Amino acid sequence: MSELDKERRAEEAGKVVMTARLALRRNQRGEARKLLAQALKIDPSDIGALDMLGDMFLEDAEQEKAIQVFEHGLKHHPDHAPFEEKLGLARLDIAEMERDQLMKESALQNAIANSLDPGYDKLLDKKPPLALGLSVIVPGAGQLYNDEYEKGGVFLAVWALIGLSWFNLLFNKMRAMQEASVGRRIMPSMAQAIEAMSGGQRAFFWLLVLLWLAVIIAAAADAMLSATRLNEDRRRQLGLLGD
């Protein structure tokens, strides 16, 4: 090929590359790729087309294609340093992706192996008796143990509200009896305060106490059942239980 033909091809390819740059600025990446491929058909050694196409492959995470482009570019332009640098980056990206893939595969294999190990599986279990015991001590604590935070908050709030209500009623009666006593400043007992309540007050007091205890029982039962259900759901997701 004569020097004149080479210059003509280079000039024609350069025009196509300029059009590709305009297309890329308009975010028309597909059109830009087609134009660059066209430019390389006209002049396979066009440095601008090779550089731009390789950069696009890198940006689109197509490192293998980028490597092919930059290697082709180095054959025609062995002294062009950017081709060497970008080729190194592309190979480094591939190495990192392969390492990440190996790590993911290893983690997956470990997870599968652990899921098939009954001892390991039991370590991940929620403990229904523990969930029950926690909610007996403080209603809602068992739900928090089961990671059911909203439900736990509801049980705790209702239990505390009812508890404060009956305690306030009892304490006010005890304080009123103390203030009414002549020459005595000893706080009466809870039994004495309950006995001194009117019929309506006493009935309301015991109703609050029963509701308070009912919340404890409900929270404890719910925590135990939820822990059992969560264990079954987890095993079902791992394929250790049938649907």
# chains A, B, ... in the order shown; residues from 1 in each chain; ligands from 1
call {"tool": "residues_around", "arguments": {"residues": "segment 209-221 of chain A", "least_positions_apart": "6", "cutoff": "12 Å", "atoms": "only C-alpha atoms", "output": "VMD selection string"}}
result
chain A and resid 128 to 146 148 151 to 170 202 to 203 227 to 228
call {"tool": "residues_around", "arguments": {"residues": "Arg9 of chain A", "least_positions_apart": "4", "cutoff": "12 Å", "atoms": "only C-alpha atoms", "output": "ChimeraX atom specification"}}
result
/A:1-5,13-16,38-46
call {"tool": "write_last_selection", "arguments": {"atoms": "N, CA and C atoms", "output": "compact mmCIF listing (two decimals), in the first residue's frame"}}
result
# COMPACT_ATOMS: atom_id res chain seq x y z
N MET A 1 0.86 -1.19 0.00
CA MET A 1 0.00 0.00 0.00
C MET A 1 0.89 1.25 0.00
N SER A 2 0.58 2.16 -0.85
CA SER A 2 1.39 3.36 -0.97
C SER A 2 1.14 4.29 0.21
N GLU A 3 2.08 5.20 0.41
CA GLU A 3 1.96 6.17 1.50
C GLU A 3 0.72 7.04 1.30
N LEU A 4 0.40 7.33 0.04
CA LEU A 4 -0.78 8.16 -0.25
C LEU A 4 -2.05 7.44 0.18
N ASP A 5 -2.12 6.13 -0.09
CA ASP A 5 -3.30 5.36 0.32
C ASP A 5 -3.39 5.30 1.84
N ALA A 13 -10.54 7.35 8.32
CA ALA A 13 -10.82 6.73 9.62
C ALA A 13 -10.93 7.79 10.71
N GLY A 14 -10.07 8.82 10.65
CA GLY A 14 -10.12 9.89 11.64
C GLY A 14 -11.45 10.61 11.65
N LYS A 15 -12.05 10.79 10.48
CA LYS A 15 -13.37 11.44 10.41
C LYS A 15 -14.43 10.58 11.09
N VAL A 16 -14.35 9.29 10.86
CA VAL A 16 -15.32 8.38 11.49
C VAL A 16 -15.15 8.39 13.01
N GLN A 38 -16.23 0.56 12.34
CA GLN A 38 -16.14 0.98 10.93
C GLN A 38 -14.80 1.65 10.66
N ALA A 39 -14.36 2.49 11.59
CA ALA A 39 -13.08 3.18 11.43
C ALA A 39 -11.93 2.18 11.38
N LEU A 40 -12.00 1.12 12.19
CA LEU A 40 -10.93 0.13 12.22
C LEU A 40 -10.93 -0.76 10.98
N LYS A 41 -12.09 -0.88 10.34
CA LYS A 41 -12.11 -1.58 9.05
C LYS A 41 -11.40 -0.76 7.98
N ILE A 42 -11.57 0.54 8.08
CA ILE A 42 -10.89 1.42 7.13
C ILE A 42 -9.39 1.43 7.39
N ASP A 43 -9.04 1.57 8.69
CA ASP A 43 -7.61 1.61 9.06
C ASP A 43 -7.43 0.84 10.37
N PRO A 44 -7.04 -0.44 10.29
CA PRO A 44 -6.92 -1.28 11.49
C PRO A 44 -5.91 -0.76 12.51
N SER A 45 -5.08 0.15 12.11
CA SER A 45 -4.04 0.65 13.03
C SER A 45 -4.35 2.03 13.57
N ASP A 46 -5.56 2.53 13.33
CA ASP A 46 -5.88 3.90 13.78
C ASP A 46 -5.80 3.98 15.30
call {"tool": "atom_distance", "arguments": {"atom1": "atom CA of Asp51 of chain A", "atom2": "atom CA of Leu24 of chain A"}}
result
13.8 Å
call {"tool": "residues_around", "arguments": {"residues": "Asn231 of chain A", "least_positions_apart": "5", "cutoff": "9 Å", "atoms": "only C-alpha atoms", "output": "ChimeraX atom specification"}}
result
/A:124-127,226,236
call {"tool": "atom_distance", "arguments": {"atom1": "atom CA of His80 of chain A", "atom2": "atom CA of Leu53 of chain A"}}
result
15.5 Å
call {"tool": "atom_distance", "arguments": {"atom1": "atom CA of Arg235 of chain A", "atom2": "atom CA of Asp100 of chain A"}}
result
27.7 Å
call {"tool": "closest_residue", "arguments": {"among": "A:Val69, A:Leu35, A:Val17, A:Met103", "to": "Ala49 of chain A", "atoms": "only C-alpha atoms"}}
result
A:Val17
call {"tool": "select_by_dssp", "arguments": {"residues": "segment 19-182 of chain A", "states": "alpha helix (DSSP H)", "output": "number ranges by chain"}}
result
A: 19-25, 29-42, 47-59, 63-76, 81-115, 118-124, 128-137, 141-145, 149-180
call {"tool": "write_last_selection", "arguments": {"atoms": "C-alpha atoms", "output": "short mmCIF file (atom, residue, chain, number, x, y, z; two decimals), in the first residue's frame"}}
result
data_model
loop_
_atom_site.label_atom_id
_atom_site.label_comp_id
_atom_site.auth_asym_id
_atom_site.auth_seq_id
_atom_site.Cartn_x
_atom_site.Cartn_y
_atom_site.Cartn_z
CA THR A 19 -18.26 11.15 14.54
CA ALA A 20 -17.97 8.36 17.12
CA ARG A 21 -16.80 10.87 19.74
CA LEU A 22 -19.84 13.03 19.06
CA ALA A 23 -22.11 10.00 19.39
CA LEU A 24 -20.47 9.12 22.72
CA ARG A 25 -20.99 12.66 24.01
CA ARG A 29 -22.67 4.20 23.12
CA GLY A 30 -23.96 1.57 20.72
CA GLU A 31 -23.69 3.94 17.78
CA ALA A 32 -20.20 4.98 18.89
CA ARG A 33 -19.05 1.35 18.95
CA LYS A 34 -20.37 0.74 15.44
CA LEU A 35 -18.57 3.81 14.16
CA LEU A 36 -15.30 2.78 15.80
CA ALA A 37 -15.56 -0.70 14.29
CA GLN A 38 -16.14 0.98 10.93
CA ALA A 39 -13.08 3.18 11.43
CA LEU A 40 -10.93 0.13 12.22
CA LYS A 41 -12.11 -1.58 9.05
CA ILE A 42 -10.89 1.42 7.13
CA ILE A 47 -4.60 4.82 17.22
CA GLY A 48 -7.58 7.03 18.09
CA ALA A 49 -10.13 4.33 17.28
CA LEU A 50 -8.18 1.67 19.18
CA ASP A 51 -7.73 3.89 22.23
CA MET A 52 -11.35 4.97 22.35
CA LEU A 53 -12.79 1.49 21.75
CA GLY A 54 -10.53 -0.06 24.39
CA ASP A 55 -11.57 2.61 26.90
CA MET A 56 -15.25 1.90 26.20
CA PHE A 57 -14.73 -1.81 26.81
CA LEU A 58 -13.01 -1.02 30.12
CA GLU A 59 -15.85 1.28 31.18
CA GLN A 63 -11.93 -6.52 30.09
CA GLU A 64 -11.31 -9.44 27.72
CA LYS A 65 -12.34 -7.36 24.72
CA ALA A 66 -10.31 -4.41 26.00
CA ILE A 67 -7.23 -6.64 26.23
CA GLN A 68 -7.69 -7.76 22.62
CA VAL A 69 -7.96 -4.15 21.46
CA PHE A 70 -4.92 -2.94 23.39
CA GLU A 71 -2.81 -5.94 22.35
CA HIS A 72 -3.75 -5.23 18.74
CA GLY A 73 -2.84 -1.59 19.29
CA LEU A 74 0.59 -2.51 20.69
CA LYS A 75 1.36 -4.58 17.60
CA HIS A 76 0.90 -1.49 15.45
CA ALA A 81 2.68 3.82 26.54
CA PRO A 82 -1.07 4.29 27.22
CA PHE A 83 -1.79 0.97 25.52
CA GLU A 84 0.64 -0.80 27.87
CA GLU A 85 -0.82 0.92 30.95
CA LYS A 86 -4.44 0.17 30.04
CA LEU A 87 -3.55 -3.40 29.11
CA GLY A 88 -2.06 -3.83 32.58
CA LEU A 89 -5.17 -2.37 34.22
CA ALA A 90 -7.45 -4.69 32.25
CA ARG A 91 -5.41 -7.74 33.26
CA LEU A 92 -5.41 -6.58 36.89
CA ASP A 93 -9.21 -6.21 36.80
CA ILE A 94 -9.56 -9.75 35.47
CA ALA A 95 -7.28 -11.10 38.20
CA GLU A 96 -9.32 -9.33 40.88
CA MET A 97 -12.60 -10.60 39.43
CA GLU A 98 -11.24 -14.16 39.36
CA ARG A 99 -10.11 -13.81 42.97
CA ASP A 100 -13.51 -12.46 44.03
CA GLN A 101 -15.23 -15.31 42.20
CA LEU A 102 -13.04 -17.86 43.97
CA MET A 103 -13.82 -16.26 47.33
CA LYS A 104 -17.56 -16.33 46.61
CA GLU A 105 -17.41 -19.96 45.53
CA SER A 106 -15.42 -20.86 48.64
CA ALA A 107 -17.89 -19.02 50.90
CA LEU A 108 -20.80 -20.76 49.18
CA GLN A 109 -19.20 -24.17 49.59
CA ASN A 110 -18.56 -23.46 53.29
CA ALA A 111 -22.16 -22.31 53.75
CA ILE A 112 -23.47 -25.48 52.10
CA ALA A 113 -21.16 -27.67 54.16
CA ASN A 114 -22.13 -25.89 57.37
CA SER A 115 -25.84 -26.11 56.58
CA PRO A 118 -26.31 -30.72 62.34
CA GLY A 119 -24.05 -29.28 65.04
CA TYR A 120 -23.54 -26.04 63.16
CA ASP A 121 -27.22 -25.83 62.31
CA LYS A 122 -28.15 -26.03 65.97
CA LEU A 123 -25.83 -23.14 66.78
CA LEU A 124 -27.90 -20.93 64.48
CA PRO A 128 -37.63 -21.38 72.29
CA PRO A 129 -37.21 -21.94 76.07
CA LEU A 130 -34.86 -18.96 76.26
CA ALA A 131 -37.28 -16.79 74.28
CA LEU A 132 -40.09 -17.86 76.62
CA GLY A 133 -38.04 -17.18 79.75
CA LEU A 134 -36.98 -13.74 78.58
CA SER A 135 -40.57 -12.69 77.93
CA VAL A 136 -41.67 -14.04 81.33
CA ILE A 137 -39.09 -11.78 82.97
CA ALA A 141 -37.60 -9.36 75.55
CA GLY A 142 -38.21 -12.73 73.89
CA GLN A 143 -39.43 -10.98 70.76
CA LEU A 144 -36.28 -8.84 70.73
CA TYR A 145 -34.25 -12.06 70.99
CA TYR A 149 -38.43 -5.57 67.36
CA GLU A 150 -41.79 -3.96 66.59
CA LYS A 151 -43.75 -6.77 68.21
CA GLY A 152 -41.42 -6.73 71.20
CA GLY A 153 -41.92 -2.99 71.60
CA VAL A 154 -45.70 -3.40 71.57
CA PHE A 155 -45.68 -6.12 74.24
CA LEU A 156 -43.30 -4.11 76.42
CA ALA A 157 -45.32 -0.89 76.10
CA VAL A 158 -48.68 -2.54 76.87
CA TRP A 159 -47.22 -4.46 79.82
CA ALA A 160 -45.57 -1.35 81.25
CA LEU A 161 -48.70 0.79 80.80
CA ILE A 162 -51.00 -1.69 82.51
CA GLY A 163 -48.43 -2.29 85.26
CA LEU A 164 -48.09 1.42 85.95
CA SER A 165 -51.87 1.74 86.05
CA TRP A 166 -52.49 -0.86 88.76
CA PHE A 167 -49.36 0.16 90.69
CA ASN A 168 -50.41 3.81 90.64
CA LEU A 169 -53.87 2.89 91.90
CA LEU A 170 -52.39 0.79 94.72
CA PHE A 171 -49.70 3.31 95.67
CA ASN A 172 -52.17 6.22 95.80
CA LYS A 173 -54.40 4.21 98.14
CA MET A 174 -51.46 3.34 100.39
CA ARG A 175 -50.34 6.97 100.52
CA ALA A 176 -53.87 8.18 101.24
CA MET A 177 -54.15 5.70 104.14
CA GLN A 178 -50.80 6.85 105.51
CA GLU A 179 -51.79 10.51 105.39
CA ALA A 180 -55.15 9.74 106.99
#
